[in-house]
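Heads up, the thing below is written out as structure tokens.
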Amino acid sequence: MTVHVLFVCLGNICRSPMAEAVFQQLVNEAGLSEQIKLDSAGTGSWHIGEKAHAGTRRILEEHTIPYDGRARQVRPNDMMDREQFIIAMDESNLNDLQRRYGDHPRLYRLLDFASQTGIKDVPDPYYNDNFETVFQLVTDGCRGLLRHIREEAGI
Ligand code: 4NP
């Protein structure tokens with residue numbers, strides 16, 4: 001069985017590519033790269049085809065985490081896969097997905113899986129350049145998400 005995980009933010013250039021890269025690193029370290037497959041997408045279309053934002057690329061480089069994905073928009077097919085985990089970065093992304101595609105049994109916010117309670121939304125660094133805070137939150141959420149998937153899938 002292969003578990004598919006799709007990270008979703010607004011532009012697919014700041015937060016969801018960072019989550020995809022961090023999670024891929026964790027998956028690789030756990031030796032689960034054949035069992036867990038990742039992707040990311042944006043609810044918006046403005047940045048389709050672009051590389052990740054310079055701030056995201058810089059923070060990933062600082063942590064020696066590779067990423068070379070390009071932005072794409074969420075497709076209806078993404079939401080038809082009932083087995084896929086859809087991981088939104090904030091409540092606005094979650095609401096957009098539900099409004100457009102209806103309910104999905106595995107639609108979560110990344111910080112639903114974080115160890116620190118209280119903050120549920122990964123703040124958008126596009127406007128305030130706070131990529132370090134975003135990296136810490138994303139990493140915390142990704143660790144919890146991997147634990148959840150491993151328990152649920154028995155891997
Ligand atoms: P992201 O950040 O959703 O984390 O990729 C944003 C990127 C672009 C825009 C907004 C947020 N934008 O308005 O173009």
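Residues in the structure tokens are named by chain (A, B, ... in the order shown) and by number from 1 within that chain; ligands are numbered from 1 in the order shown.
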Discussion item. List as a list in words the protein and nucleic acid residues lying within 7 Å of ligand 1, with only C-alpha atoms and all ligand atoms counted.
Written reply: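 The residues near ligand 1 are Cys9, Leu10, Gly11, Asn12, Ile13, Cys14, Arg15, Ser16, Gly42, Trp46, His47, Asp124, Pro125 and Tyr126 of chain A.
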Those same residues - N, CA and C atoms - I'd like them written as a compact mmCIF listing (two decimals), in the first residue's frame.
# COMPACT_ATOMS: atom_id res chain seq x y z
N CYS A 9 -1.27 25.02 0.16
CA CYS A 9 -1.35 26.39 0.69
C CYS A 9 -1.98 27.27 -0.38
N LEU A 10 -1.77 28.57 -0.29
CA LEU A 10 -2.43 29.47 -1.24
C LEU A 10 -1.66 29.53 -2.57
N GLY A 11 -0.38 29.83 -2.49
CA GLY A 11 0.39 30.05 -3.72
C GLY A 11 1.23 28.88 -4.18
N ASN A 12 1.47 27.92 -3.28
CA ASN A 12 2.37 26.78 -3.53
C ASN A 12 3.80 27.23 -3.83
N ILE A 13 4.18 28.36 -3.22
CA ILE A 13 5.59 28.76 -3.35
C ILE A 13 6.28 28.93 -2.00
N CYS A 14 5.54 29.13 -0.91
CA CYS A 14 6.18 29.35 0.40
C CYS A 14 5.98 28.15 1.34
N ARG A 15 4.76 27.97 1.85
CA ARG A 15 4.55 27.01 2.94
C ARG A 15 4.43 25.56 2.49
N SER A 16 3.60 25.28 1.48
CA SER A 16 3.41 23.86 1.13
C SER A 16 4.65 23.23 0.49
N GLY A 42 -1.23 24.61 -4.76
CA GLY A 42 -1.83 25.83 -4.23
C GLY A 42 -3.29 25.91 -4.61
N TRP A 46 -1.77 31.97 -9.33
CA TRP A 46 -0.84 33.05 -9.71
C TRP A 46 0.57 32.56 -9.99
N HIS A 47 1.01 31.52 -9.31
CA HIS A 47 2.43 31.17 -9.37
C HIS A 47 2.72 29.86 -10.08
N ASP A 124 1.35 32.91 6.91
CA ASP A 124 1.84 33.08 5.55
C ASP A 124 3.07 33.98 5.54
N PRO A 125 4.24 33.47 5.18
CA PRO A 125 5.45 34.30 5.23
C PRO A 125 5.60 35.20 4.02
N TYR A 126 4.70 35.08 3.06
CA TYR A 126 4.78 35.89 1.83
C TYR A 126 4.73 37.37 2.18
inquiry  = as a PyMOL selection string, please: the residues near A:Val74 (cut-off 10 Å, only C-alpha atoms, same-chain neighbours under 2 positions excluded).
reply    = chain A and resi 6-10+12+40-45+71-72+76-79+97
Mind checking DSSP for stretch 61-139 of chain A and telling me the strand (DSSP E) residues as a list in words?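 Reading the DSSP output for stretch 61-139 of chain A, strand (DSSP E) covers Phe85, Ile86, Ile87, Ala88, Leu107, Tyr108 and Arg109 of chain A.
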Selected residues written out, C-alpha atoms, as a compact mmCIF listing (two decimals), in the first residue's frame:
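Produced file out_27.txt, reproduced below:
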# COMPACT_ATOMS: atom_id res chain seq x y z
CA PHE A 85 -4.08 12.83 2.93
CA ILE A 86 -4.80 16.47 2.08
CA ILE A 87 -2.85 18.70 4.44
CA ALA A 88 -3.82 22.38 4.37
CA LEU A 107 -8.52 16.72 5.00
CA TYR A 108 -6.54 18.24 7.87
CA ARG A 109 -4.51 21.27 8.82
Query raised in the report: Can you tell me, as a list in words, what residues are no more than 9 Å from A:Thr56 when counting only C-alpha atoms, ignoring any on the same chain fewer than 3 positions away?
Result: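 Here the qualifying residues turn out to be Ile13, Cys14, Arg15, Pro17, Met18, Ala52, His53, Ile59, Leu60, Glu61, Phe131 and Phe135 of chain A.
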Store the residues picked out above in a file with all heavy atoms, as a compact mmCIF listing (two decimals), in the first residue's frame.
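Result file is result02.txt:
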# COMPACT_ATOMS: atom_id res chain seq x y z
N ILE A 13 4.18 28.36 -3.22
CA ILE A 13 5.59 28.76 -3.35
C ILE A 13 6.28 28.93 -2.00
O ILE A 13 7.51 28.91 -1.94
CB ILE A 13 5.77 30.04 -4.20
CG1 ILE A 13 4.92 31.19 -3.66
CG2 ILE A 13 5.51 29.76 -5.68
CD1 ILE A 13 5.27 32.53 -4.31
N CYS A 14 5.54 29.13 -0.91
CA CYS A 14 6.18 29.35 0.40
C CYS A 14 5.98 28.15 1.34
O CYS A 14 6.93 27.41 1.61
CB CYS A 14 5.63 30.60 1.08
SG CYS A 14 5.90 32.14 0.17
N ARG A 15 4.76 27.97 1.85
CA ARG A 15 4.55 27.01 2.94
C ARG A 15 4.43 25.56 2.49
O ARG A 15 5.07 24.67 3.07
CB ARG A 15 3.30 27.40 3.75
CG ARG A 15 3.44 28.70 4.50
CD ARG A 15 2.10 29.23 4.95
NE ARG A 15 1.26 29.60 3.82
CZ ARG A 15 -0.01 29.95 3.89
NH1 ARG A 15 -0.60 29.97 5.07
NH2 ARG A 15 -0.69 30.27 2.81
N PRO A 17 5.45 23.99 -0.31
CA PRO A 17 6.70 23.38 -0.77
C PRO A 17 7.66 23.09 0.39
O PRO A 17 8.36 22.08 0.39
CB PRO A 17 7.30 24.43 -1.71
CG PRO A 17 6.20 25.34 -2.05
CD PRO A 17 5.23 25.32 -0.90
N MET A 18 7.66 24.00 1.39
CA MET A 18 8.52 23.78 2.55
C MET A 18 8.08 22.51 3.29
O MET A 18 8.91 21.66 3.65
CB MET A 18 8.46 24.99 3.49
CG MET A 18 9.56 24.96 4.55
SD MET A 18 9.34 26.21 5.83
CE MET A 18 9.47 27.74 4.92
N ALA A 52 10.00 27.49 -5.83
CA ALA A 52 9.64 27.96 -4.49
C ALA A 52 10.21 29.37 -4.26
O ALA A 52 11.23 29.75 -4.86
CB ALA A 52 10.17 27.00 -3.43
N HIS A 53 9.55 30.12 -3.41
CA HIS A 53 9.96 31.48 -3.02
C HIS A 53 11.41 31.45 -2.50
O HIS A 53 11.83 30.48 -1.86
CB HIS A 53 9.01 31.93 -1.90
CG HIS A 53 9.14 33.37 -1.53
ND1 HIS A 53 10.18 33.86 -0.78
CD2 HIS A 53 8.32 34.43 -1.78
CE1 HIS A 53 10.01 35.16 -0.59
NE2 HIS A 53 8.89 35.53 -1.18
N ILE A 59 15.81 28.93 3.50
CA ILE A 59 15.73 28.23 4.80
C ILE A 59 15.94 26.73 4.61
O ILE A 59 16.54 26.07 5.46
CB ILE A 59 14.43 28.55 5.55
CG1 ILE A 59 14.55 28.24 7.04
CG2 ILE A 59 13.24 27.80 5.03
CD1 ILE A 59 14.58 29.44 7.89
N LEU A 60 15.48 26.20 3.49
CA LEU A 60 15.71 24.77 3.23
C LEU A 60 17.22 24.51 3.02
O LEU A 60 17.76 23.53 3.53
CB LEU A 60 14.91 24.30 2.02
CG LEU A 60 13.39 24.23 2.22
CD1 LEU A 60 12.68 23.92 0.91
CD2 LEU A 60 13.01 23.18 3.28
N GLU A 61 17.86 25.41 2.30
CA GLU A 61 19.31 25.26 2.09
C GLU A 61 20.06 25.31 3.41
O GLU A 61 20.99 24.54 3.65
CB GLU A 61 19.84 26.38 1.18
CG GLU A 61 19.80 26.02 -0.29
CD GLU A 61 20.02 27.24 -1.19
OE1 GLU A 61 20.74 28.17 -0.76
OE2 GLU A 61 19.45 27.24 -2.29
N PHE A 131 10.20 33.31 7.60
CA PHE A 131 10.38 31.93 7.15
C PHE A 131 10.92 31.02 8.26
O PHE A 131 10.67 29.83 8.25
CB PHE A 131 11.29 31.90 5.92
CG PHE A 131 10.58 32.37 4.67
CD1 PHE A 131 10.56 33.72 4.35
CD2 PHE A 131 9.90 31.49 3.86
CE1 PHE A 131 9.89 34.18 3.23
CE2 PHE A 131 9.22 31.93 2.73
CZ PHE A 131 9.21 33.27 2.42
N PHE A 135 9.28 27.61 9.37
CA PHE A 135 10.04 26.36 9.32
C PHE A 135 9.88 25.56 10.61
O PHE A 135 9.70 24.34 10.58
CB PHE A 135 11.53 26.65 9.06
CG PHE A 135 12.36 25.41 8.95
CD1 PHE A 135 12.42 24.70 7.75
CD2 PHE A 135 13.07 24.92 10.04
CE1 PHE A 135 13.16 23.53 7.65
CE2 PHE A 135 13.81 23.76 9.95
CZ PHE A 135 13.86 23.06 8.74
Check: Of the residues A:Val22, A:Leu94, A:Val134, A:Leu145, which is the one nearest to A:Ser115, using only C-alpha atoms?
Finding: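 Of A:Val22, A:Leu94, A:Val134, A:Leu145, the one nearest A:Ser115 is A:Leu145, counting only C-alpha atoms.
Interatomic distance, atom CA of A:Asp121 against atom CA of A:Gln98: 16.3 Å.
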A straight line from atom CA of A:Gly55 to atom CA of A:Asp129 spans 7.1 Å
### Residue set, stretch 8-151 of chain A restricted to alpha helix (DSSP H), as number ranges by chain
A: 15-29, 54-62, 76-80, 91-101, 125-128, 131-151
Need to verify the contact set: A:Thr2, 12 Å, only C-alpha atoms, exclusion of same-chain residues closer than 3 positions in sequence. Can you return it as number ranges by chain?
A: 5, 32-38, 83-85, 149-150, 153-155
Take the residues from that selection and write them out as a CSV table (one decimal), in the first residue's frame, keeping all heavy atoms.
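Output file out-v7.csv follows:
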chain,number,residue,atom,x,y,z
A,5,VAL,N,0.3,11.9,0.1
A,5,VAL,CA,0.1,13.1,0.9
A,5,VAL,C,0.2,14.3,0.0
A,5,VAL,O,1.2,14.4,-0.7
A,5,VAL,CB,1.1,13.2,2.1
A,5,VAL,CG1,0.8,14.4,3.0
A,5,VAL,CG2,1.1,11.9,2.9
A,32,LEU,N,11.1,5.2,4.4
A,32,LEU,CA,9.7,5.0,3.9
A,32,LEU,C,9.4,5.6,2.6
A,32,LEU,O,8.2,5.8,2.2
A,32,LEU,CB,8.7,5.5,5.0
A,32,LEU,CG,8.7,4.7,6.3
A,32,LEU,CD1,7.9,5.4,7.3
A,32,LEU,CD2,8.2,3.3,6.1
A,33,SER,N,10.4,5.9,1.8
A,33,SER,CA,10.2,6.7,0.6
A,33,SER,C,9.4,5.9,-0.5
A,33,SER,O,8.8,6.4,-1.4
A,33,SER,CB,11.5,7.2,0.0
A,33,SER,OG,12.4,6.2,-0.2
A,34,GLU,N,9.4,4.6,-0.4
A,34,GLU,CA,8.6,3.8,-1.3
A,34,GLU,C,7.1,3.7,-0.9
A,34,GLU,O,6.2,3.5,-1.7
A,34,GLU,CB,9.1,2.3,-1.4
A,34,GLU,CG,10.5,2.2,-2.2
A,34,GLU,CD,10.4,2.9,-3.6
A,34,GLU,OE1,9.5,2.5,-4.3
A,34,GLU,OE2,11.3,3.7,-3.9
A,35,GLN,N,6.9,3.8,0.4
A,35,GLN,CA,5.5,3.6,1.0
A,35,GLN,C,4.8,5.0,1.1
A,35,GLN,O,3.5,4.9,1.1
A,35,GLN,CB,5.6,3.0,2.4
A,35,GLN,CG,6.0,1.6,2.4
A,35,GLN,CD,7.5,1.5,2.8
A,35,GLN,OE1,8.3,2.2,2.3
A,35,GLN,NE2,7.8,0.5,3.6
A,36,ILE,N,5.5,6.1,1.1
A,36,ILE,CA,4.8,7.4,1.3
A,36,ILE,C,5.2,8.3,0.2
A,36,ILE,O,6.4,8.6,0.0
A,36,ILE,CB,5.1,8.0,2.7
A,36,ILE,CG1,4.8,7.0,3.8
A,36,ILE,CG2,4.4,9.3,2.8
A,36,ILE,CD1,5.1,7.6,5.2
A,37,LYS,N,4.3,8.8,-0.6
A,37,LYS,CA,4.6,9.6,-1.8
A,37,LYS,C,4.0,11.0,-1.6
A,37,LYS,O,2.8,11.1,-1.1
A,37,LYS,CB,4.0,9.0,-3.1
A,37,LYS,CG,4.6,7.7,-3.4
A,37,LYS,CD,6.0,7.8,-3.9
A,37,LYS,CE,6.6,6.4,-4.3
A,37,LYS,NZ,8.1,6.5,-4.5
A,38,LEU,N,4.7,12.0,-1.9
A,38,LEU,CA,4.3,13.4,-1.6
A,38,LEU,C,4.1,14.3,-2.8
A,38,LEU,O,4.8,14.1,-3.8
A,38,LEU,CB,5.4,14.1,-0.7
A,38,LEU,CG,5.9,13.3,0.4
A,38,LEU,CD1,6.9,14.1,1.2
A,38,LEU,CD2,4.7,12.8,1.3
A,83,GLU,N,-8.3,8.3,-0.4
A,83,GLU,CA,-7.3,7.7,0.5
A,83,GLU,C,-6.1,8.7,0.7
A,83,GLU,O,-5.3,8.5,1.6
A,83,GLU,CB,-6.7,6.4,-0.2
A,83,GLU,CG,-7.7,5.3,-0.3
A,83,GLU,CD,-8.3,4.9,1.1
A,83,GLU,OE1,-7.5,4.8,2.1
A,83,GLU,OE2,-9.5,4.8,1.2
A,84,GLN,N,-6.0,9.7,-0.1
A,84,GLN,CA,-4.9,10.6,0.0
A,84,GLN,C,-5.1,11.5,1.2
A,84,GLN,O,-6.2,12.0,1.4
A,84,GLN,CB,-4.8,11.4,-1.3
A,84,GLN,CG,-3.9,12.6,-1.3
A,84,GLN,CD,-3.4,13.1,-2.6
A,84,GLN,OE1,-2.3,12.7,-3.1
A,84,GLN,NE2,-4.2,13.9,-3.3
A,85,PHE,N,-4.0,11.8,1.9
A,85,PHE,CA,-4.1,12.8,2.9
A,85,PHE,C,-3.9,14.2,2.3
A,85,PHE,O,-3.0,14.4,1.5
A,85,PHE,CB,-2.9,12.6,3.9
A,85,PHE,CG,-3.1,11.5,4.9
A,85,PHE,CD1,-2.8,10.2,4.5
A,85,PHE,CD2,-3.6,11.8,6.2
A,85,PHE,CE1,-3.0,9.2,5.4
A,85,PHE,CE2,-3.8,10.7,7.1
A,85,PHE,CZ,-3.5,9.4,6.7
A,149,ILE,N,0.6,8.9,10.4
A,149,ILE,CA,0.5,8.1,9.2
A,149,ILE,C,1.1,6.7,9.5
A,149,ILE,O,0.5,5.7,9.1
A,149,ILE,CB,1.2,8.7,8.0
A,149,ILE,CG1,0.4,9.9,7.5
A,149,ILE,CG2,1.4,7.7,6.9
A,149,ILE,CD1,1.0,10.7,6.4
A,150,ARG,N,2.2,6.7,10.2
A,150,ARG,CA,2.8,5.4,10.5
A,150,ARG,C,1.9,4.5,11.4
A,150,ARG,O,1.8,3.3,11.2
A,150,ARG,CB,4.2,5.6,11.2
A,150,ARG,CG,5.2,6.2,10.2
A,150,ARG,CD,6.6,6.2,10.8
A,150,ARG,NE,7.1,4.9,10.8
A,150,ARG,CZ,8.4,4.6,11.0
A,150,ARG,NH1,9.3,5.5,11.2
A,150,ARG,NH2,8.8,3.3,11.0
A,153,ALA,N,-1.2,3.5,9.1
A,153,ALA,CA,-0.9,2.5,8.1
A,153,ALA,C,-0.2,1.3,8.6
A,153,ALA,O,0.1,0.3,7.8
A,153,ALA,CB,-0.1,3.2,7.0
A,154,GLY,N,0.3,1.3,9.8
A,154,GLY,CA,1.0,0.2,10.4
A,154,GLY,C,2.4,0.0,9.7
A,154,GLY,O,2.8,-1.1,9.5
A,155,ILE,N,3.1,1.2,9.4
A,155,ILE,CA,4.4,1.1,8.8
A,155,ILE,C,5.5,1.8,9.6
A,155,ILE,O,5.2,2.5,10.5
A,155,ILE,CB,4.4,1.7,7.3
A,155,ILE,CG1,3.9,3.2,7.4
A,155,ILE,CG2,3.6,0.8,6.4
A,155,ILE,CD1,3.9,3.8,6.0
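Distance annotation: of A:Asn95, A:Arg106, A:His63, A:Asn28, the residue with the minimal separation from A:Glu152 is A:Arg106; atom set is only C-alpha atoms.
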